[in-house]
$ cat structure17.pdb   # PDB, N, CA and C atoms, pLDDT in the B column
ATOM      1  N   MET L   1     -19.342 -27.046  12.292  1.00 85.00           N
ATOM      2  CA  MET L   1     -18.200 -27.908  12.021  1.00 85.00           C
ATOM      3  C   MET L   1     -16.878 -27.173  12.273  1.00 85.00           C
ATOM      4  N   ILE L   2     -16.826 -25.891  11.950  1.00 83.00           N
ATOM      5  CA  ILE L   2     -15.569 -25.153  12.084  1.00 83.00           C
ATOM      6  C   ILE L   2     -15.075 -25.087  13.532  1.00 83.00           C
ATOM      7  N   PRO L   3     -15.930 -24.750  14.519  1.00 86.00           N
ATOM      8  CA  PRO L   3     -15.421 -24.712  15.894  1.00 86.00           C
ATOM      9  C   PRO L   3     -14.807 -26.037  16.334  1.00 86.00           C
ATOM     10  N   ASN L   4     -15.439 -27.146  15.976  1.00 90.00           N
ATOM     11  CA  ASN L   4     -14.893 -28.456  16.353  1.00 90.00           C
ATOM     12  C   ASN L   4     -13.569 -28.731  15.655  1.00 90.00           C
ATOM     13  N   TYR L   5     -13.492 -28.398  14.374  1.00 90.00           N
ATOM     14  CA  TYR L   5     -12.252 -28.603  13.619  1.00 90.00           C
ATOM     15  C   TYR L   5     -11.107 -27.807  14.239  1.00 90.00           C
ATOM     16  N   LEU L   6     -11.375 -26.547  14.552  1.00 89.00           N
ATOM     17  CA  LEU L   6     -10.333 -25.703  15.140  1.00 89.00           C
ATOM     18  C   LEU L   6      -9.914 -26.214  16.514  1.00 89.00           C
ATOM     19  N   LYS L   7     -10.883 -26.647  17.307  1.00 90.00           N
ATOM     20  CA  LYS L   7     -10.572 -27.173  18.630  1.00 90.00           C
ATOM     21  C   LYS L   7      -9.681 -28.411  18.533  1.00 90.00           C
ATOM     22  N   GLU L   8      -9.971 -29.293  17.576  1.00 92.00           N
ATOM     23  CA  GLU L   8      -9.152 -30.496  17.374  1.00 92.00           C
ATOM     24  C   GLU L   8      -7.715 -30.140  16.987  1.00 92.00           C
ATOM     25  N   HIS L   9      -7.539 -28.989  16.361  1.00 92.00           N
ATOM     26  CA  HIS L   9      -6.214 -28.563  15.923  1.00 92.00           C
ATOM     27  C   HIS L   9      -5.601 -27.527  16.863  1.00 92.00           C
ATOM     28  N   GLY L  10      -6.138 -27.428  18.076  1.00 92.00           N
ATOM     29  CA  GLY L  10      -5.559 -26.555  19.084  1.00 92.00           C
ATOM     30  C   GLY L  10      -5.812 -25.070  18.869  1.00 92.00           C
ATOM     31  N   ARG L  11      -6.855 -24.711  18.139  1.00 90.00           N
ATOM     32  CA  ARG L  11      -7.145 -23.296  17.872  1.00 90.00           C
ATOM     33  C   ARG L  11      -8.620 -23.034  18.150  1.00 90.00           C
ATOM     34  N   SER L  12      -8.926 -22.668  19.374  1.00 83.00           N
ATOM     35  CA  SER L  12     -10.320 -22.424  19.729  1.00 83.00           C
ATOM     36  C   SER L  12     -10.741 -21.021  19.295  1.00 83.00           C
ATOM     37  N   LEU L  13     -12.044 -20.829  19.183  1.00 85.00           N
ATOM     38  CA  LEU L  13     -12.602 -19.540  18.798  1.00 85.00           C
ATOM     39  C   LEU L  13     -12.898 -18.707  20.035  1.00 85.00           C
ATOM     40  N   ALA L  14     -12.861 -17.396  19.880  1.00 86.00           N
ATOM     41  CA  ALA L  14     -13.233 -16.476  20.948  1.00 86.00           C
ATOM     42  C   ALA L  14     -14.034 -15.336  20.337  1.00 86.00           C
ATOM     43  N   ARG L  15     -14.921 -14.742  21.117  1.00 86.00           N
ATOM     44  CA  ARG L  15     -15.724 -13.616  20.631  1.00 86.00           C
ATOM     45  C   ARG L  15     -14.833 -12.394  20.448  1.00 86.00           C
ATOM     46  N   MET L  16     -15.107 -11.650  19.390  1.00 85.00           N
ATOM     47  CA  MET L  16     -14.417 -10.383  19.154  1.00 85.00           C
ATOM     48  C   MET L  16     -15.141  -9.308  19.966  1.00 85.00           C
ATOM     49  N   PRO L  17     -14.415  -8.345  20.522  1.00 90.00           N
ATOM     50  CA  PRO L  17     -15.067  -7.313  21.340  1.00 90.00           C
ATOM     51  C   PRO L  17     -15.710  -6.201  20.506  1.00 90.00           C
ATOM     52  N   PHE L  18     -15.847  -6.415  19.212  1.00 90.00           N
ATOM     53  CA  PHE L  18     -16.432  -5.414  18.311  1.00 90.00           C
ATOM     54  C   PHE L  18     -16.983  -6.136  17.093  1.00 90.00           C
ATOM     55  N   PRO L  19     -17.912  -5.495  16.355  1.00 89.00           N
ATOM     56  CA  PRO L  19     -18.439  -6.127  15.137  1.00 89.00           C
ATOM     57  C   PRO L  19     -17.337  -6.311  14.095  1.00 89.00           C
ATOM     58  N   THR L  20     -17.380  -7.402  13.385  1.00 88.00           N
ATOM     59  CA  THR L  20     -16.346  -7.673  12.384  1.00 88.00           C
ATOM     60  C   THR L  20     -16.925  -8.486  11.229  1.00 88.00           C
ATOM     61  N   THR L  21     -16.126  -8.674  10.201  1.00 84.00           N
ATOM     62  CA  THR L  21     -16.521  -9.429   9.020  1.00 84.00           C
ATOM     63  C   THR L  21     -15.402 -10.390   8.649  1.00 84.00           C
ATOM     64  N   ILE L  22     -15.762 -11.530   8.110  1.00 78.00           N
ATOM     65  CA  ILE L  22     -14.773 -12.497   7.629  1.00 78.00           C
ATOM     66  C   ILE L  22     -14.929 -12.621   6.123  1.00 78.00           C
ATOM     67  N   TYR L  23     -13.840 -12.456   5.414  1.00 76.00           N
ATOM     68  CA  TYR L  23     -13.829 -12.643   3.969  1.00 76.00           C
ATOM     69  C   TYR L  23     -13.115 -13.945   3.652  1.00 76.00           C
ATOM     70  N   VAL L  24     -13.737 -14.775   2.851  1.00 72.00           N
ATOM     71  CA  VAL L  24     -13.116 -16.021   2.422  1.00 72.00           C
ATOM     72  C   VAL L  24     -12.714 -15.839   0.969  1.00 72.00           C
ATOM     73  N   ARG L  25     -11.425 -16.010   0.703  1.00 70.00           N
ATOM     74  CA  ARG L  25     -10.896 -15.762  -0.638  1.00 70.00           C
ATOM     75  C   ARG L  25     -10.516 -17.063  -1.329  1.00 70.00           C
ATOM     76  N   ASN L  26     -10.444 -16.982  -2.648  1.00 67.00           N
ATOM     77  CA  ASN L  26      -9.973 -18.100  -3.476  1.00 67.00           C
ATOM     78  C   ASN L  26     -10.794 -19.371  -3.280  1.00 67.00           C
ATOM     79  N   THR L  27     -12.120 -19.225  -3.259  1.00 68.00           N
ATOM     80  CA  THR L  27     -12.984 -20.389  -3.075  1.00 68.00           C
ATOM     81  C   THR L  27     -13.504 -20.932  -4.402  1.00 68.00           C
ATOM     82  N   GLY L  28     -13.262 -20.201  -5.485  1.00 64.00           N
ATOM     83  CA  GLY L  28     -13.817 -20.599  -6.768  1.00 64.00           C
ATOM     84  C   GLY L  28     -15.234 -20.087  -6.947  1.00 64.00           C
ATOM     85  N   ASP L  29     -15.743 -19.384  -5.945  1.00 61.00           N
ATOM     86  CA  ASP L  29     -17.101 -18.848  -5.999  1.00 61.00           C
ATOM     87  C   ASP L  29     -17.036 -17.329  -6.150  1.00 61.00           C
ATOM     88  N   ASN L  30     -16.217 -16.875  -7.063  1.00 56.00           N
ATOM     89  CA  ASN L  30     -15.994 -15.453  -7.274  1.00 56.00           C
ATOM     90  C   ASN L  30     -16.716 -15.034  -8.548  1.00 56.00           C
ATOM     91  N   HIS L  31     -17.665 -14.133  -8.409  1.00 58.00           N
ATOM     92  CA  HIS L  31     -18.465 -13.721  -9.553  1.00 58.00           C
ATOM     93  C   HIS L  31     -18.037 -12.374 -10.124  1.00 58.00           C
ATOM     94  N   SER L  32     -16.937 -11.806  -9.636  1.00 58.00           N
ATOM     95  CA  SER L  32     -16.554 -10.474 -10.098  1.00 58.00           C
ATOM     96  C   SER L  32     -15.855 -10.495 -11.449  1.00 58.00           C
ATOM     97  N   MET L  33     -15.351 -11.639 -11.854  1.00 54.00           N
ATOM     98  CA  MET L  33     -14.734 -11.768 -13.180  1.00 54.00           C
ATOM     99  C   MET L  33     -13.634 -10.721 -13.385  1.00 54.00           C
ATOM    100  N   LEU L  34     -12.736 -10.574 -12.429  1.00 56.00           N
ATOM    101  CA  LEU L  34     -11.731  -9.519 -12.477  1.00 56.00           C
ATOM    102  C   LEU L  34     -10.725  -9.700 -13.609  1.00 56.00           C
ATOM    103  N   ASN L  35     -10.561 -10.877 -14.105  1.00 58.00           N
ATOM    104  CA  ASN L  35      -9.548 -11.109 -15.136  1.00 58.00           C
ATOM    105  C   ASN L  35     -10.176 -11.222 -16.525  1.00 58.00           C
ATOM    106  N   GLY L  36     -10.740 -10.130 -16.992  1.00 58.00           N
ATOM    107  CA  GLY L  36     -11.252 -10.113 -18.353  1.00 58.00           C
ATOM    108  C   GLY L  36     -12.681 -10.578 -18.503  1.00 58.00           C
ATOM    109  N   GLY L  37     -13.438 -10.532 -17.448  1.00 59.00           N
ATOM    110  CA  GLY L  37     -14.819 -10.967 -17.525  1.00 59.00           C
ATOM    111  C   GLY L  37     -15.738  -9.871 -18.033  1.00 59.00           C
ATOM    112  N   ASP L  38     -16.943  -9.866 -17.534  1.00 60.00           N
ATOM    113  CA  ASP L  38     -17.947  -8.956 -18.053  1.00 60.00           C
ATOM    114  C   ASP L  38     -18.127  -7.684 -17.223  1.00 60.00           C
ATOM    115  N   LEU L  39     -17.087  -7.250 -16.505  1.00 62.00           N
ATOM    116  CA  LEU L  39     -17.188  -5.998 -15.764  1.00 62.00           C
ATOM    117  C   LEU L  39     -17.375  -4.832 -16.726  1.00 62.00           C
ATOM    118  N   ASN L  40     -18.221  -3.897 -16.349  1.00 74.00           N
ATOM    119  CA  ASN L  40     -18.382  -2.741 -17.226  1.00 74.00           C
ATOM    120  C   ASN L  40     -17.181  -1.813 -17.079  1.00 74.00           C
ATOM    121  N   TRP L  41     -17.035  -0.874 -17.975  1.00 78.00           N
ATOM    122  CA  TRP L  41     -15.831  -0.034 -18.016  1.00 78.00           C
ATOM    123  C   TRP L  41     -15.711   0.846 -16.779  1.00 78.00           C
ATOM    124  N   LYS L  42     -16.815   1.286 -16.194  1.00 79.00           N
ATOM    125  CA  LYS L  42     -16.738   2.124 -14.994  1.00 79.00           C
ATOM    126  C   LYS L  42     -16.123   1.347 -13.832  1.00 79.00           C
ATOM    127  N   ARG L  43     -16.521   0.088 -13.680  1.00 77.00           N
ATOM    128  CA  ARG L  43     -15.968  -0.733 -12.601  1.00 77.00           C
ATOM    129  C   ARG L  43     -14.482  -0.988 -12.821  1.00 77.00           C
ATOM    130  N   LYS L  44     -14.070  -1.207 -14.071  1.00 78.00           N
ATOM    131  CA  LYS L  44     -12.654  -1.427 -14.359  1.00 78.00           C
ATOM    132  C   LYS L  44     -11.833  -0.186 -14.032  1.00 78.00           C
ATOM    133  N   VAL L  45     -12.359   0.995 -14.371  1.00 83.00           N
ATOM    134  CA  VAL L  45     -11.658   2.244 -14.058  1.00 83.00           C
ATOM    135  C   VAL L  45     -11.562   2.425 -12.545  1.00 83.00           C
ATOM    136  N   GLU L  46     -12.659   2.149 -11.863  1.00 82.00           N
ATOM    137  CA  GLU L  46     -12.654   2.279 -10.406  1.00 82.00           C
ATOM    138  C   GLU L  46     -11.599   1.372  -9.773  1.00 82.00           C
ATOM    139  N   LEU L  47     -11.522   0.131 -10.192  1.00 79.00           N
ATOM    140  CA  LEU L  47     -10.542  -0.803  -9.641  1.00 79.00           C
ATOM    141  C   LEU L  47      -9.117  -0.367  -9.930  1.00 79.00           C
ATOM    142  N   THR L  48      -8.915   0.294 -11.069  1.00 84.00           N
ATOM    143  CA  THR L  48      -7.578   0.747 -11.443  1.00 84.00           C
ATOM    144  C   THR L  48      -7.165   1.990 -10.662  1.00 84.00           C
ATOM    145  N   LEU L  49      -8.088   2.923 -10.470  1.00 88.00           N
ATOM    146  CA  LEU L  49      -7.738   4.219  -9.884  1.00 88.00           C
ATOM    147  C   LEU L  49      -7.931   4.308  -8.376  1.00 88.00           C
ATOM    148  N   ARG L  50      -8.725   3.445  -7.802  1.00 83.00           N
ATOM    149  CA  ARG L  50      -8.995   3.535  -6.367  1.00 83.00           C
ATOM    150  C   ARG L  50      -7.713   3.307  -5.576  1.00 83.00           C
ATOM    151  N   PRO L  51      -7.415   4.190  -4.617  1.00 79.00           N
ATOM    152  CA  PRO L  51      -6.198   3.982  -3.825  1.00 79.00           C
ATOM    153  C   PRO L  51      -6.320   2.726  -2.965  1.00 79.00           C
ATOM    154  N   LYS L  52      -5.234   2.029  -2.842  1.00 79.00           N
ATOM    155  CA  LYS L  52      -5.210   0.834  -2.010  1.00 79.00           C
ATOM    156  C   LYS L  52      -4.969   1.249  -0.563  1.00 79.00           C
ATOM    157  N   ILE L  53      -5.532   0.504   0.374  1.00 80.00           N
ATOM    158  CA  ILE L  53      -5.370   0.799   1.789  1.00 80.00           C
ATOM    159  C   ILE L  53      -4.263  -0.097   2.337  1.00 80.00           C
ATOM    160  N   ASN L  54      -3.213   0.533   2.853  1.00 83.00           N
ATOM    161  CA  ASN L  54      -2.129  -0.239   3.459  1.00 83.00           C
ATOM    162  C   ASN L  54      -2.486  -0.557   4.903  1.00 83.00           C
ATOM    163  N   ILE L  55      -2.214  -1.770   5.314  1.00 84.00           N
ATOM    164  CA  ILE L  55      -2.496  -2.218   6.670  1.00 84.00           C
ATOM    165  C   ILE L  55      -1.182  -2.274   7.429  1.00 84.00           C
ATOM    166  N   SER L  56      -1.164  -1.701   8.640  1.00 87.00           N
ATOM    167  CA  SER L  56       0.065  -1.687   9.431  1.00 87.00           C
ATOM    168  C   SER L  56       0.471  -3.117   9.796  1.00 87.00           C
ATOM    169  N   GLU L  57       1.743  -3.285  10.061  1.00 88.00           N
ATOM    170  CA  GLU L  57       2.254  -4.616  10.405  1.00 88.00           C
ATOM    171  C   GLU L  57       1.622  -5.137  11.686  1.00 88.00           C
ATOM    172  N   GLY L  58       1.409  -4.244  12.662  1.00 89.00           N
ATOM    173  CA  GLY L  58       0.788  -4.654  13.922  1.00 89.00           C
ATOM    174  C   GLY L  58      -0.631  -5.152  13.718  1.00 89.00           C
ATOM    175  N   LEU L  59      -1.399  -4.448  12.900  1.00 87.00           N
ATOM    176  CA  LEU L  59      -2.773  -4.856  12.613  1.00 87.00           C
ATOM    177  C   LEU L  59      -2.793  -6.173  11.843  1.00 87.00           C
ATOM    178  N   ALA L  60      -1.889  -6.310  10.887  1.00 85.00           N
ATOM    179  CA  ALA L  60      -1.809  -7.550  10.116  1.00 85.00           C
ATOM    180  C   ALA L  60      -1.487  -8.731  11.027  1.00 85.00           C
ATOM    181  N   ASP L  61      -0.556  -8.539  11.957  1.00 86.00           N
ATOM    182  CA  ASP L  61      -0.207  -9.615  12.898  1.00 86.00           C
ATOM    183  C   ASP L  61      -1.386  -9.956  13.809  1.00 86.00           C
ATOM    184  N   GLU L  62      -2.065  -8.907  14.300  1.00 86.00           N
ATOM    185  CA  GLU L  62      -3.156  -9.136  15.242  1.00 86.00           C
ATOM    186  C   GLU L  62      -4.312  -9.919  14.605  1.00 86.00           C
ATOM    187  N   PHE L  63      -4.601  -9.649  13.331  1.00 84.00           N
ATOM    188  CA  PHE L  63      -5.746 -10.276  12.690  1.00 84.00           C
ATOM    189  C   PHE L  63      -5.364 -11.361  11.688  1.00 84.00           C
ATOM    190  N   GLY L  64      -4.078 -11.675  11.565  1.00 82.00           N
ATOM    191  CA  GLY L  64      -3.658 -12.761  10.697  1.00 82.00           C
ATOM    192  C   GLY L  64      -3.769 -12.452   9.228  1.00 82.00           C
ATOM    193  N   PHE L  65      -3.558 -11.179   8.854  1.00 81.00           N
ATOM    194  CA  PHE L  65      -3.569 -10.818   7.432  1.00 81.00           C
ATOM    195  C   PHE L  65      -2.182 -11.077   6.853  1.00 81.00           C
ATOM    196  N   TYR L  66      -2.119 -11.815   5.787  1.00 73.00           N
ATOM    197  CA  TYR L  66      -0.855 -12.114   5.148  1.00 73.00           C
ATOM    198  C   TYR L  66      -0.945 -11.804   3.667  1.00 73.00           C
ATOM    199  N   GLU L  67       0.150 -11.375   3.082  1.00 68.00           N
ATOM    200  CA  GLU L  67       0.183 -11.103   1.654  1.00 68.00           C
ATOM    201  C   GLU L  67      -0.009 -12.407   0.909  1.00 68.00           C
ATOM    202  N   SER L  68      -0.833 -12.350  -0.150  1.00 57.00           N
ATOM    203  CA  SER L  68      -1.047 -13.570  -0.935  1.00 57.00           C
ATOM    204  C   SER L  68      -0.400 -13.424  -2.282  1.00 57.00           C
TER     205      SER L  68
END
$ encode --input "structure17.pdb" --output "structure tokens"
Amino acid sequence: MIPNYLKEHGRSLARMPFPTTIYVRNTGDNHSMLNGGDLNWKRKVELTLRPKINISEGLADEFGFYES
């Protein structure tokens, strides 16, 4: 269904020249319970202390990454 929908809206799909992954966010199907759920303390510490990876502006533009 997605290829047809995109084609109808003027956005066709093309193969990527390398392996990649698509993440779909904010679907309501999130089981991580990040806001006070049942995460154990080690996972909470990891999420707090792990350095965040900054994405360059060029990479963000190329792959359509936008701040949410």
$ residues_near_point --input "structure17.pdb" --point "(-5.2, -9.9, 8.2)" --cutoff "12 Å" --atoms "only C-alpha atoms" --output "list of chain:residue names"
L:Thr21, L:Ile22, L:Tyr23, L:Val24, L:Asn54, L:Ile55, L:Ser56, L:Glu57, L:Gly58, L:Leu59, L:Ala60, L:Asp61, L:Glu62, L:Phe63, L:Gly64, L:Phe65, L:Tyr66, L:Glu67, L:Ser68
$ atom_distance --input "structure17.pdb" --atom1 "atom N of Leu47 of chain L" --atom2 "atom C of Thr20 of chain L"
23.7 Å
$ residues_around --input "structure17.pdb" --residues "Ile2 of chain L" --least-positions-apart "6" --cutoff "12 Å" --atoms "only C-alpha atoms" --output "list in words"
Glu8, His9, Arg11, Ser12 and Leu13 of chain L
$ atom_distance --input "structure17.pdb" --atom1 "atom C of Lys7 of chain L" --atom2 "atom N of Arg25 of chain L"
21.8 Å
